[in-house]
>>> print(open('run_34.csv').read())   # CSV, C-alpha atoms (C1' of nucleotides)
chain,number,residue,atom,x,y,z
A,23,MET,CA,-99.7,-81.1,81.1
A,24,SER,CA,-100.4,-77.7,79.6
A,25,ASP,CA,-103.5,-75.7,80.5
A,26,SER,CA,-104.2,-74.8,76.9
A,27,GLU,CA,-106.3,-77.9,76.4
A,28,ALA,CA,-108.6,-77.0,79.3
A,29,GLY,CA,-108.4,-73.3,78.6
A,30,VAL,CA,-110.8,-73.5,75.6
A,31,LYS,CA,-113.6,-74.4,78.0
A,32,LEU,CA,-112.9,-71.7,80.5
A,33,ASN,CA,-113.4,-68.0,80.3
A,34,PRO,CA,-110.6,-65.5,81.0
A,35,PHE,CA,-111.7,-64.8,84.5
A,36,GLN,CA,-111.7,-68.5,85.3
A,37,VAL,CA,-108.3,-69.0,83.7
A,38,GLU,CA,-106.9,-66.2,85.8
A,39,THR,CA,-108.6,-67.2,89.0
A,40,ILE,CA,-107.5,-70.8,88.7
A,41,ALA,CA,-103.9,-69.7,88.0
A,42,LEU,CA,-104.1,-67.6,91.2
A,43,PHE,CA,-105.3,-70.6,93.3
A,44,VAL,CA,-102.7,-72.9,91.8
A,45,ARG,CA,-100.0,-70.4,92.9
A,46,ALA,CA,-101.5,-70.3,96.4
A,47,ALA,CA,-101.6,-74.1,96.5
A,48,THR,CA,-98.0,-74.1,95.5
A,49,VAL,CA,-97.2,-72.0,98.5
A,50,LEU,CA,-99.1,-74.3,100.8
A,51,ARG,CA,-97.7,-77.3,99.0
A,52,LEU,CA,-101.1,-78.6,98.1
A,53,PRO,CA,-101.7,-80.7,95.0
A,54,ARG,CA,-102.2,-78.6,91.8
A,55,SER,CA,-105.4,-80.5,90.9
A,56,VAL,CA,-107.0,-79.5,94.2
A,57,ALA,CA,-106.5,-75.9,93.4
A,58,GLN,CA,-107.7,-76.2,89.9
A,59,ILE,CA,-110.9,-77.9,91.0
A,60,TYR,CA,-111.6,-75.3,93.7
A,61,GLY,CA,-110.9,-72.5,91.3
A,62,LEU,CA,-113.2,-73.9,88.7
A,63,LEU,CA,-116.1,-74.3,91.2
A,64,PHE,CA,-115.4,-70.9,92.7
A,65,THR,CA,-115.8,-69.3,89.3
A,66,THR,CA,-118.8,-71.3,88.2
A,67,SER,CA,-122.2,-70.2,89.4
A,68,ASP,CA,-123.9,-73.6,88.9
A,69,PRO,CA,-122.8,-76.8,90.6
A,70,LEU,CA,-120.7,-79.2,88.5
A,71,SER,CA,-120.5,-82.9,88.3
A,72,LEU,CA,-117.3,-84.9,88.5
A,73,ASP,CA,-117.4,-85.3,84.7
A,74,ASP,CA,-118.0,-81.7,84.2
A,75,ILE,CA,-115.0,-80.8,86.3
A,76,GLY,CA,-112.6,-83.4,84.7
A,77,ASP,CA,-113.7,-82.4,81.3
A,78,ARG,CA,-113.3,-78.7,81.7
A,79,LEU,CA,-109.9,-78.9,83.4
A,80,GLY,CA,-108.6,-81.7,81.3
A,81,ILE,CA,-107.7,-83.8,84.4
A,82,SER,CA,-108.4,-87.5,85.0
A,83,ARG,CA,-111.3,-89.1,86.7
A,84,GLY,CA,-109.1,-90.2,89.5
A,85,SER,CA,-107.6,-86.9,90.2
A,86,THR,CA,-110.9,-85.2,90.1
A,87,PHE,CA,-112.4,-87.6,92.5
A,88,ASP,CA,-109.4,-87.4,94.9
A,89,GLY,CA,-109.4,-83.6,94.7
A,90,ILE,CA,-113.2,-83.4,95.4
A,91,ARG,CA,-112.8,-85.7,98.4
A,92,TRP,CA,-109.9,-83.7,99.8
A,93,LEU,CA,-111.9,-80.5,99.4
A,94,ARG,CA,-115.1,-81.9,100.8
A,95,ASP,CA,-113.3,-83.3,103.8
A,96,LEU,CA,-112.0,-79.8,104.4
A,97,GLY,CA,-115.4,-78.2,104.0
A,98,ALA,CA,-114.3,-76.2,101.0
A,99,VAL,CA,-116.7,-77.9,98.6
A,100,GLU,CA,-120.2,-79.3,99.2
A,101,GLY,CA,-122.2,-81.8,97.3
A,102,VAL,CA,-125.6,-80.9,96.1
A,103,THR,CA,-128.3,-83.1,94.7
A,104,LEU,CA,-130.1,-81.6,91.8
A,105,PRO,CA,-133.7,-82.6,91.4
A,106,GLY,CA,-134.1,-85.2,88.7
A,107,VAL,CA,-130.4,-85.5,88.1
A,108,ARG,CA,-128.5,-88.6,89.2
A,109,LYS,CA,-124.9,-87.5,89.2
A,110,GLU,CA,-123.9,-85.6,92.3
A,111,HIS,CA,-122.9,-82.0,91.8
A,112,PHE,CA,-120.5,-79.8,93.7
A,113,ARG,CA,-120.2,-76.2,94.6
A,114,ALA,CA,-117.5,-74.1,96.3
A,115,GLU,CA,-117.8,-73.0,99.8
A,116,PHE,CA,-116.0,-69.7,100.3
A,117,ARG,CA,-116.8,-68.2,103.7
A,118,LEU,CA,-113.4,-67.6,105.2
A,119,ARG,CA,-114.4,-69.0,108.5
A,120,THR,CA,-115.4,-72.3,107.0
A,121,LEU,CA,-112.2,-72.6,104.9
A,122,ALA,CA,-109.9,-71.6,107.7
A,123,THR,CA,-111.6,-73.8,110.3
A,124,GLY,CA,-111.5,-76.8,108.0
A,125,PHE,CA,-107.8,-76.2,107.0
A,126,LEU,CA,-106.7,-75.9,110.6
A,127,ARG,CA,-108.8,-78.9,111.7
A,128,ASN,CA,-107.6,-81.2,108.9
A,129,GLN,CA,-104.1,-80.1,108.2
A,130,ILE,CA,-102.7,-78.6,111.4
A,131,GLN,CA,-104.6,-79.6,114.6
A,132,PRO,CA,-103.8,-83.3,114.4
A,133,HIS,CA,-100.1,-82.7,114.3
A,134,VAL,CA,-100.2,-80.2,117.1
A,135,HIS,CA,-102.1,-82.6,119.2
A,136,ASN,CA,-99.8,-85.5,118.5
A,137,GLY,CA,-97.0,-83.2,119.4
A,138,ALA,CA,-98.0,-83.2,123.1
A,139,ALA,CA,-97.5,-87.0,123.2
A,140,HIS,CA,-94.2,-86.8,121.5
A,141,ILE,CA,-92.9,-84.2,124.1
A,142,ARG,CA,-93.6,-86.7,126.9
A,143,GLN,CA,-91.6,-89.3,125.0
A,144,LEU,CA,-88.8,-86.8,124.6
A,145,ARG,CA,-88.7,-86.2,128.3
A,146,GLU,CA,-88.1,-89.9,128.9
A,147,SER,CA,-85.1,-89.9,126.6
A,148,ILE,CA,-83.1,-87.6,128.9
A,149,ASP,CA,-80.5,-89.5,130.9
A,150,ALA,CA,-80.6,-87.7,134.3
A,151,SER,CA,-77.2,-89.0,135.2
A,152,SER,CA,-75.5,-87.5,132.1
A,153,PRO,CA,-73.7,-84.2,132.3
A,154,ASP,CA,-75.9,-83.1,129.4
A,155,ALA,CA,-79.1,-83.5,131.4
A,156,ALA,CA,-79.4,-79.9,132.5
A,157,PHE,CA,-78.8,-78.7,128.9
A,158,GLN,CA,-81.3,-81.1,127.5
A,159,LYS,CA,-84.0,-80.2,130.1
A,160,ASP,CA,-83.5,-76.6,129.1
A,161,ARG,CA,-84.1,-77.5,125.4
A,162,LEU,CA,-87.1,-79.6,126.3
A,163,LYS,CA,-88.6,-76.6,128.1
A,164,GLN,CA,-88.1,-74.6,124.9
A,165,ILE,CA,-89.9,-77.1,122.8
A,166,ALA,CA,-92.8,-77.3,125.3
A,167,GLY,CA,-93.0,-73.5,125.0
A,168,TRP,CA,-93.4,-73.7,121.3
A,169,GLN,CA,-96.1,-76.4,121.6
A,170,LYS,CA,-98.0,-74.1,124.0
A,171,PHE,CA,-97.7,-71.2,121.6
A,172,PHE,CA,-99.2,-73.2,118.7
A,173,SER,CA,-102.0,-74.7,120.8
A,174,ARG,CA,-102.9,-71.2,121.8
A,175,VAL,CA,-102.5,-69.4,118.5
A,176,LEU,CA,-104.6,-71.7,116.5
A,177,PRO,CA,-107.9,-70.7,118.2
A,178,VAL,CA,-106.9,-67.0,117.8
A,179,ILE,CA,-106.5,-67.4,114.1
A,180,LYS,CA,-109.8,-69.3,114.0
A,181,ALA,CA,-111.5,-66.4,115.8
A,182,LEU,CA,-110.0,-63.9,113.5
A,183,ALA,CA,-111.2,-65.7,110.5
A,184,THR,CA,-114.7,-66.0,111.9
A,185,LYS,CA,-115.1,-62.3,112.8
A,186,PRO,CA,-115.5,-60.1,109.7
A,187,HIS,CA,-114.4,-57.1,111.7
A,188,PHE,CA,-111.7,-58.2,114.0
A,189,PRO,CA,-110.0,-55.7,116.3
A,190,LEU,CA,-106.8,-54.5,114.7
A,191,PRO,CA,-105.0,-51.3,113.6
A,192,LYS,CA,-107.3,-48.9,112.1
A,193,HIS,CA,-107.7,-49.0,108.3
A,194,PRO,CA,-109.8,-47.3,105.7
A,195,SER,CA,-113.3,-48.8,105.6
A,196,ARG,CA,-114.6,-50.6,102.6
A,197,SER,CA,-116.7,-48.7,100.2
B,20,MET,CA,-81.6,-93.5,103.9
B,21,SER,CA,-82.0,-95.0,107.3
B,22,ASP,CA,-81.1,-93.0,110.4
B,23,SER,CA,-79.3,-95.9,112.0
B,24,GLU,CA,-76.0,-94.9,110.4
B,25,ALA,CA,-76.2,-91.5,111.9
B,26,GLY,CA,-77.7,-92.6,115.1
B,27,VAL,CA,-74.5,-94.0,116.5
B,28,LYS,CA,-73.1,-90.5,116.7
B,29,LEU,CA,-76.2,-89.1,118.5
B,30,ASN,CA,-77.5,-89.5,122.0
B,31,PRO,CA,-81.1,-90.6,122.6
B,32,PHE,CA,-82.3,-87.1,123.3
B,33,GLN,CA,-80.9,-85.9,120.0
B,34,VAL,CA,-82.4,-88.8,118.1
B,35,GLU,CA,-85.8,-88.1,119.6
B,36,THR,CA,-85.7,-84.4,119.0
B,37,ILE,CA,-84.5,-84.7,115.5
B,38,ALA,CA,-87.4,-87.1,114.8
B,39,LEU,CA,-89.8,-84.6,116.3
B,40,PHE,CA,-88.4,-81.8,114.0
B,41,VAL,CA,-88.5,-84.1,111.0
B,42,ARG,CA,-92.2,-84.8,111.6
B,43,ALA,CA,-92.9,-81.1,112.0
B,44,ALA,CA,-91.0,-80.4,108.8
B,45,THR,CA,-93.2,-83.0,107.1
B,46,VAL,CA,-96.3,-81.1,108.2
B,47,LEU,CA,-94.9,-77.8,106.8
B,48,ARG,CA,-93.6,-79.7,103.8
B,49,LEU,CA,-90.0,-78.7,104.3
B,50,PRO,CA,-87.1,-80.8,103.3
B,51,ARG,CA,-86.1,-83.5,105.7
B,52,SER,CA,-82.5,-82.5,105.8
B,53,VAL,CA,-83.3,-79.0,106.9
B,54,ALA,CA,-85.2,-80.4,109.9
B,55,GLN,CA,-82.4,-82.8,110.7
B,56,ILE,CA,-79.8,-80.1,110.7
B,57,TYR,CA,-81.8,-77.8,112.9
B,58,GLY,CA,-82.6,-80.6,115.3
B,59,LEU,CA,-78.9,-81.5,115.6
B,60,LEU,CA,-77.8,-77.9,116.2
B,61,PHE,CA,-80.7,-77.4,118.6
B,62,THR,CA,-79.6,-80.3,120.7
B,63,THR,CA,-75.9,-79.6,120.7
B,64,SER,CA,-74.5,-77.0,123.0
B,65,ASP,CA,-71.3,-76.2,121.0
B,66,PRO,CA,-71.4,-74.8,117.5
B,67,LEU,CA,-70.7,-77.3,114.7
B,68,SER,CA,-69.0,-77.0,111.3
B,69,LEU,CA,-70.5,-78.2,108.0
B,70,ASP,CA,-68.4,-81.3,108.2
B,71,ASP,CA,-69.5,-82.0,111.8
B,72,ILE,CA,-73.1,-81.8,110.7
B,73,GLY,CA,-72.9,-83.9,107.6
B,74,ASP,CA,-70.8,-86.5,109.4
B,75,ARG,CA,-73.1,-86.9,112.4
B,76,LEU,CA,-76.3,-87.0,110.3
B,77,GLY,CA,-74.9,-89.0,107.5
B,78,ILE,CA,-76.0,-86.5,104.8
B,79,SER,CA,-74.0,-85.2,102.0
B,80,ARG,CA,-72.0,-82.0,101.8
B,81,GLY,CA,-74.4,-80.5,99.3
B,82,SER,CA,-77.5,-81.1,101.4
B,83,THR,CA,-75.7,-79.8,104.5
B,84,PHE,CA,-74.7,-76.7,102.8
B,85,ASP,CA,-78.2,-76.1,101.2
B,86,GLY,CA,-79.9,-76.8,104.5
B,87,ILE,CA,-77.6,-74.4,106.4
B,88,ARG,CA,-78.2,-71.7,103.9
B,89,TRP,CA,-81.9,-72.2,104.1
B,90,LEU,CA,-81.9,-72.0,107.9
B,91,ARG,CA,-79.5,-69.1,107.9
B,92,ASP,CA,-81.7,-67.1,105.4
B,93,LEU,CA,-84.6,-67.7,107.7
B,94,GLY,CA,-82.6,-66.7,110.8
B,95,ALA,CA,-83.0,-70.1,112.5
B,96,VAL,CA,-79.2,-70.7,112.4
B,97,GLU,CA,-76.4,-68.3,112.9
B,98,GLY,CA,-72.7,-68.7,111.9
B,99,VAL,CA,-70.1,-68.2,114.5
B,100,THR,CA,-66.4,-67.7,114.1
B,101,LEU,CA,-64.4,-69.6,116.7
B,102,PRO,CA,-61.1,-68.0,117.6
B,103,GLY,CA,-58.2,-69.9,115.9
B,104,VAL,CA,-60.5,-72.1,113.9
B,105,ARG,CA,-60.8,-71.7,110.2
B,106,LYS,CA,-64.0,-73.5,109.5
B,107,GLU,CA,-67.2,-71.6,110.1
B,108,HIS,CA,-69.4,-73.0,112.8
B,109,PHE,CA,-73.1,-72.8,113.3
B,110,ARG,CA,-75.6,-72.8,116.2
B,111,ALA,CA,-79.3,-72.8,116.4
B,112,GLU,CA,-81.4,-69.8,117.1
B,113,PHE,CA,-84.5,-70.7,119.0
B,114,ARG,CA,-86.3,-67.7,120.2
B,115,LEU,CA,-89.9,-68.1,118.9
B,116,ARG,CA,-90.1,-64.5,117.7
B,117,THR,CA,-87.0,-64.9,115.6
B,118,LEU,CA,-88.2,-68.2,114.1
B,119,ALA,CA,-91.7,-67.0,113.5
B,120,THR,CA,-90.6,-63.7,112.0
B,121,GLY,CA,-88.2,-65.3,109.7
B,122,PHE,CA,-90.6,-68.0,108.5
B,123,LEU,CA,-93.3,-65.5,107.8
B,124,ARG,CA,-90.9,-63.1,106.1
B,125,ASN,CA,-89.2,-65.7,103.9
B,126,GLN,CA,-92.0,-68.2,103.2
B,127,ILE,CA,-95.3,-66.4,103.4
B,128,GLN,CA,-95.0,-62.6,103.0
B,129,PRO,CA,-93.7,-62.6,99.5
B,130,HIS,CA,-96.6,-64.5,98.2
B,131,VAL,CA,-99.2,-62.4,100.0
B,132,HIS,CA,-97.5,-59.4,98.6
B,133,ASN,CA,-97.5,-60.7,95.0
B,134,GLY,CA,-101.1,-61.6,95.6
B,135,ALA,CA,-102.1,-58.0,95.5
B,136,ALA,CA,-100.7,-57.5,92.0
B,137,HIS,CA,-102.4,-60.7,90.8
B,138,ILE,CA,-105.8,-59.4,92.1
B,139,ARG,CA,-105.4,-56.3,89.9
B,140,GLN,CA,-104.7,-58.5,86.9
B,141,LEU,CA,-107.8,-60.6,87.8
B,142,ARG,CA,-110.0,-57.5,87.7
B,143,GLU,CA,-108.9,-56.8,84.1
B,144,SER,CA,-109.9,-60.3,83.0
B,145,ILE,CA,-113.6,-59.5,83.6
B,146,ASP,CA,-115.5,-58.7,80.5
B,147,ALA,CA,-117.9,-56.0,81.6
B,148,SER,CA,-120.3,-56.7,78.7
B,149,SER,CA,-120.7,-60.3,79.6
B,150,PRO,CA,-123.7,-61.5,81.6
B,151,ASP,CA,-121.3,-63.1,84.0
B,152,ALA,CA,-119.7,-59.8,84.9
B,153,ALA,CA,-121.8,-59.2,88.1
B,154,PHE,CA,-121.1,-62.8,89.3
B,155,GLN,CA,-117.4,-62.4,88.6
B,156,LYS,CA,-117.1,-59.1,90.3
B,157,ASP,CA,-118.7,-60.7,93.4
B,158,ARG,CA,-116.1,-63.4,93.4
B,159,LEU,CA,-113.3,-61.0,92.9
B,160,LYS,CA,-114.6,-59.1,96.0
B,161,GLN,CA,-114.4,-62.4,97.9
B,162,ILE,CA,-110.8,-63.0,96.9
B,163,ALA,CA,-109.9,-59.4,97.8
B,164,GLY,CA,-111.4,-60.0,101.2
B,165,TRP,CA,-109.2,-63.0,101.7
B,166,GLN,CA,-106.1,-61.1,100.7
B,167,LYS,CA,-107.0,-58.4,103.2
B,168,PHE,CA,-107.4,-61.0,105.9
B,169,PHE,CA,-104.0,-62.5,105.3
B,170,SER,CA,-102.3,-59.2,105.1
B,171,ARG,CA,-103.8,-58.3,108.5
B,172,VAL,CA,-103.4,-61.6,110.3
B,173,LEU,CA,-99.7,-62.0,109.6
B,174,PRO,CA,-98.7,-59.1,111.8
B,175,VAL,CA,-100.9,-60.5,114.5
B,176,ILE,CA,-99.2,-63.8,114.5
B,177,LYS,CA,-95.9,-62.0,114.6
B,178,ALA,CA,-97.0,-60.0,117.6
B,179,LEU,CA,-98.2,-63.1,119.4
B,180,ALA,CA,-94.9,-64.9,118.8
B,181,THR,CA,-93.0,-61.9,120.1
B,182,LYS,CA,-94.9,-61.5,123.4
B,183,PRO,CA,-94.4,-64.2,125.9
B,184,HIS,CA,-97.8,-63.3,127.5
B,185,PHE,CA,-99.9,-62.4,124.6
B,186,PRO,CA,-103.4,-61.1,125.3
B,187,LEU,CA,-106.0,-63.7,124.3
B,188,PRO,CA,-109.0,-61.8,123.2
B,189,LYS,CA,-112.1,-62.7,125.2
B,190,HIS,CA,-114.0,-63.5,122.0
B,191,PRO,CA,-117.7,-63.8,122.4
B,192,SER,CA,-119.3,-67.2,121.5
B,193,ARG,CA,-119.8,-67.5,117.9
B,194,SER,CA,-123.3,-67.3,116.6
C,3,DA,C1',-133.9,-109.6,88.7
C,4,DA,C1',-130.7,-107.8,84.8
C,5,DG,C1',-128.9,-103.8,82.7
C,6,DT,C1',-127.1,-99.3,83.1
C,7,DT,C1',-125.1,-95.4,85.1
C,8,DT,C1',-122.3,-93.4,88.5
C,9,DA,C1',-118.8,-93.6,92.3
C,10,DT,C1',-114.5,-95.3,94.1
C,11,DT,C1',-110.2,-97.7,94.3
C,12,DC,C1',-105.5,-98.5,93.3
C,13,DA,C1',-101.4,-100.4,90.6
C,14,DT,C1',-98.8,-98.1,87.3
C,15,DT,C1',-96.7,-94.0,85.1
C,16,DT,C1',-95.4,-89.3,85.1
C,17,DT,C1',-93.8,-85.3,87.2
C,18,DT,C1',-91.8,-82.9,90.8
C,19,DT,C1',-88.6,-82.3,94.5
C,20,DA,C1',-84.6,-83.5,97.3
C,21,DT,C1',-80.1,-85.4,97.5
C,22,DT,C1',-75.6,-86.5,96.1
C,23,DG,C1',-70.8,-85.7,95.2
C,24,DA,C1',-67.4,-84.4,91.9
C,25,DA,C1',-66.0,-80.0,90.0
C,26,DT,C1',-65.1,-75.2,90.8
C,27,DA,C1',-64.4,-71.1,93.4
C,28,DA,C1',-62.9,-68.6,97.2
C,29,DA,C1',-60.3,-68.0,101.2
C,30,DT,C1',-56.4,-68.7,104.1
C,31,DC,C1',-51.7,-70.0,105.0
C,32,DG,C1',-46.6,-70.4,104.7
D,6,DC,C1',-46.7,-66.4,95.1
D,7,DG,C1',-48.2,-71.6,95.1
D,8,DA,C1',-50.2,-74.9,98.2
D,9,DT,C1',-53.8,-76.2,101.0
D,10,DT,C1',-58.1,-75.9,103.2
D,11,DT,C1',-62.8,-74.5,103.1
D,12,DA,C1',-67.0,-73.0,100.8
D,13,DT,C1',-70.2,-73.2,97.0
D,14,DT,C1',-72.3,-74.8,92.7
D,15,DC,C1',-74.8,-77.7,89.8
D,16,DA,C1',-75.5,-81.7,86.6
D,17,DA,C1',-76.8,-86.3,87.5
D,18,DT,C1',-79.5,-89.5,90.4
D,19,DA,C1',-82.6,-91.0,93.8
D,20,DA,C1',-86.8,-90.5,96.3
D,21,DA,C1',-91.4,-88.8,97.0
D,22,DA,C1',-95.7,-87.1,95.4
D,23,DA,C1',-99.3,-86.5,92.1
D,24,DA,C1',-101.9,-88.0,88.2
D,25,DT,C1',-103.7,-91.5,85.3
D,26,DG,C1',-107.2,-94.7,83.8
D,27,DA,C1',-108.7,-99.4,83.7
D,28,DA,C1',-111.0,-102.3,87.0
D,29,DT,C1',-114.3,-102.9,90.6
D,30,DA,C1',-118.1,-101.6,93.5
D,31,DA,C1',-122.2,-99.3,94.5
D,32,DA,C1',-126.4,-97.1,93.2
D,33,DC,C1',-130.1,-96.6,90.5
D,34,DT,C1',-133.8,-97.9,86.7
D,35,DT,C1',-137.1,-100.6,84.5
>>> encode(input="run_34.csv", output="structure tokens")
Amino acid sequence: MSDSEAGVKLNPFQVETIALFVRAATVLRLPRSVAQIYGLLFTTSDPLSLDDIGDRLGISRGSTFDGIRWLRDLGAVEGVTLPGVRKEHFRAEFRLRTLATGFLRNQIQPHVHNGAAHIRQLRESIDASSPDAAFQKDRLKQIAGWQKFFSRVLPVIKALATKPHFPLPKHPSRS
Amino acid sequence: MSDSEAGVKLNPFQVETIALFVRAATVLRLPRSVAQIYGLLFTTSDPLSLDDIGDRLGISRGSTFDGIRWLRDLGAVEGVTLPGVRKEHFRAEFRLRTLATGFLRNQIQPHVHNGAAHIRQLRESIDASSPDAAFQKDRLKQIAGWQKFFSRVLPVIKALATKPHFPLPKHPSRS
DNA sequence: AAGTTTATTCATTTTTTATTGAATAAATCG
DNA sequence: CGATTTATTCAATAAAAAATGAATAAACTT
């Protein structure tokens, strides 16, 4: 579906920002609608309802709901209850630490954790009496090293995302 | 397609390892065949030809070729010329630094780089005379901050992957 | 409680992505 | 050189993922 239909309800800044997020989502292979929804909320100062969102983006009720759920699970969107208004409304969370933490927690961590169990299983598949055993043990060691790397690098990334001024090569300070 | 057909030509360690890589590829949303090929080469001590690979995995010539090209572009596989053998053969590269560097270079860096140009374009979409201008400038600042974060965090990951004993910053408890 | 609005599910359809394999090109050999 | 093997392309097909929207459930109102 073209964006032109939705475009009439969005200002140029929103159109451009949403396009940027959609490209980013493509890189991360996340659903387009998720990026659209986040982009819309990110560029809208007041919280929006599900209907508001679907209406302005021209996407279906189901996609809107699924997208909001995905974003909320991640911590990228939070629901707000407006006084005297029944429909739940939503607004974007955009602190880097929250986004990074949620993404790592939901999308990455589970797999890294499962990986440890799979490595044990891998070890058992080696036939010690085979002439390949030495070679296979070597490869297994390699995989275990990768696993270790990932389990250590994730907290570092998390820490970097949390600290606004993380220690790195000197750079011109912001004005 | 089921793996059973291919399984008969693979030992248990290979079957398990390939399954592990296929799962990892699913997380990274990379094509299954790429993971299969890498897994096969990783668990085979001697280099294999395109025909060897397609034959043992039960995948087509085209997929095999595409997968090898993808892996070779990344630096995860290297071609070797065996003396007196016409067909080119391939073997897996598995140093973490090479893999990480290649992945970042091919899959991530280009987009981060393009991002900088897109942010400039975004700035021009703000109508300074609109009442939203201040809000939009604020959001733009936010996006620019993310961009900065990514452009700085990538080299760090690269560095961590390169050093076998990387220095884990003693980060103070978050507040 | 019934009536109404809002939230959620999920079987179907659409769209996107990956795979196939026959056709073509390039390389190598006698 | 022509014959043969190997490498590469790409249009067609299959498989996977995302989007749709009508149906159902839950929440709220009077």
>>> calpha_fit_rmsd(input="run_34.csv", fixed="chain A", moving="chain B")
4.3 Å
>>> interface_residues(input="run_34.csv", of="chain A", to="chain D", cutoff="8 Å", atoms="all atoms listed in the file", output="ChimeraX atom specification")
/A:53,82-85
>>> residues_around(input="run_34.csv", residues="Glu100 of chain A", least_positions_apart="6", cutoff="7 Å", atoms="all atoms listed in the file", output="VMD selection string")
chain A and resid 94 112 to 115
>>> interface_residues(input="run_34.csv", of="chain A", to="chain B", cutoff="7 Å", atoms="all atoms listed in the file", output="PyMOL selection string")
chain A and resi 34-35+38-39+51+144+147-148
>>> interface_residues(input="run_34.csv", of="chain C", to="chain A", cutoff="10 Å", atoms="only C-alpha atoms (C1' of nucleotides)", output="PDB file with C-alpha atoms (C1' of nucleotides), keeping the file's coordinate frame")
ATOM      1  C1'  DT C   7    -125.100 -95.400  85.100  1.00  0.00           C
ATOM      2  C1'  DT C   8    -122.300 -93.400  88.500  1.00  0.00           C
ATOM      3  C1'  DA C   9    -118.800 -93.600  92.300  1.00  0.00           C
ATOM      4  C1'  DT C  10    -114.500 -95.300  94.100  1.00  0.00           C
ATOM      5  C1'  DT C  11    -110.200 -97.700  94.300  1.00  0.00           C
ATOM      6  C1'  DC C  12    -105.500 -98.500  93.300  1.00  0.00           C
ATOM      7  C1'  DT C  17     -93.800 -85.300  87.200  1.00  0.00           C
TER       8       DT C  17
END
>>> atom_distance(input="run_34.csv", atom1="atom CA of Lys160 of chain B", atom2="atom CA of Ala181 of chain A")
21.3 Å
>>> build_atoms(input="run_34.csv", residues="segment 121-133 of chain B", atoms="N, CA and C atoms", output="PDB file, in the frame of the given file")
ATOM      1  N   GLY B 121     -88.908 -64.888 110.856  1.00  0.00           N
ATOM      2  CA  GLY B 121     -88.200 -65.300 109.700  1.00  0.00           C
ATOM      3  C   GLY B 121     -89.005 -66.183 108.767  1.00  0.00           C
ATOM      4  N   PHE B 122     -89.757 -67.088 109.346  1.00  0.00           N
ATOM      5  CA  PHE B 122     -90.600 -68.000 108.500  1.00  0.00           C
ATOM      6  C   PHE B 122     -91.637 -67.163 107.756  1.00  0.00           C
ATOM      7  N   LEU B 123     -92.291 -66.287 108.464  1.00  0.00           N
ATOM      8  CA  LEU B 123     -93.300 -65.500 107.800  1.00  0.00           C
ATOM      9  C   LEU B 123     -92.665 -64.605 106.709  1.00  0.00           C
ATOM     10  N   ARG B 124     -91.533 -64.003 107.042  1.00  0.00           N
ATOM     11  CA  ARG B 124     -90.900 -63.100 106.100  1.00  0.00           C
ATOM     12  C   ARG B 124     -90.445 -63.871 104.826  1.00  0.00           C
ATOM     13  N   ASN B 125     -89.807 -65.010 105.005  1.00  0.00           N
ATOM     14  CA  ASN B 125     -89.200 -65.700 103.900  1.00  0.00           C
ATOM     15  C   ASN B 125     -90.254 -66.586 103.104  1.00  0.00           C
ATOM     16  N   GLN B 126     -91.158 -67.215 103.841  1.00  0.00           N
ATOM     17  CA  GLN B 126     -92.000 -68.200 103.200  1.00  0.00           C
ATOM     18  C   GLN B 126     -93.403 -67.727 102.862  1.00  0.00           C
ATOM     19  N   ILE B 127     -93.874 -66.730 103.604  1.00  0.00           N
ATOM     20  CA  ILE B 127     -95.300 -66.400 103.400  1.00  0.00           C
ATOM     21  C   ILE B 127     -95.453 -64.968 102.822  1.00  0.00           C
ATOM     22  N   GLN B 128     -94.832 -64.003 103.439  1.00  0.00           N
ATOM     23  CA  GLN B 128     -95.000 -62.600 103.000  1.00  0.00           C
ATOM     24  C   GLN B 128     -94.893 -62.381 101.520  1.00  0.00           C
ATOM     25  N   PRO B 129     -93.836 -62.892 100.888  1.00  0.00           N
ATOM     26  CA  PRO B 129     -93.700 -62.600  99.500  1.00  0.00           C
ATOM     27  C   PRO B 129     -94.879 -62.928  98.639  1.00  0.00           C
ATOM     28  N   HIS B 130     -95.499 -64.067  98.975  1.00  0.00           N
ATOM     29  CA  HIS B 130     -96.600 -64.500  98.200  1.00  0.00           C
ATOM     30  C   HIS B 130     -97.860 -63.660  98.456  1.00  0.00           C
ATOM     31  N   VAL B 131     -98.050 -63.286  99.715  1.00  0.00           N
ATOM     32  CA  VAL B 131     -99.200 -62.400 100.000  1.00  0.00           C
ATOM     33  C   VAL B 131     -99.016 -61.089  99.306  1.00  0.00           C
ATOM     34  N   HIS B 132     -97.794 -60.620  99.267  1.00  0.00           N
ATOM     35  CA  HIS B 132     -97.500 -59.400  98.600  1.00  0.00           C
ATOM     36  C   HIS B 132     -97.818 -59.454  97.092  1.00  0.00           C
ATOM     37  N   ASN B 133     -97.267 -60.487  96.462  1.00  0.00           N
ATOM     38  CA  ASN B 133     -97.500 -60.700  95.000  1.00  0.00           C
ATOM     39  C   ASN B 133     -99.022 -60.828  94.780  1.00  0.00           C
TER      40      ASN B 133
END
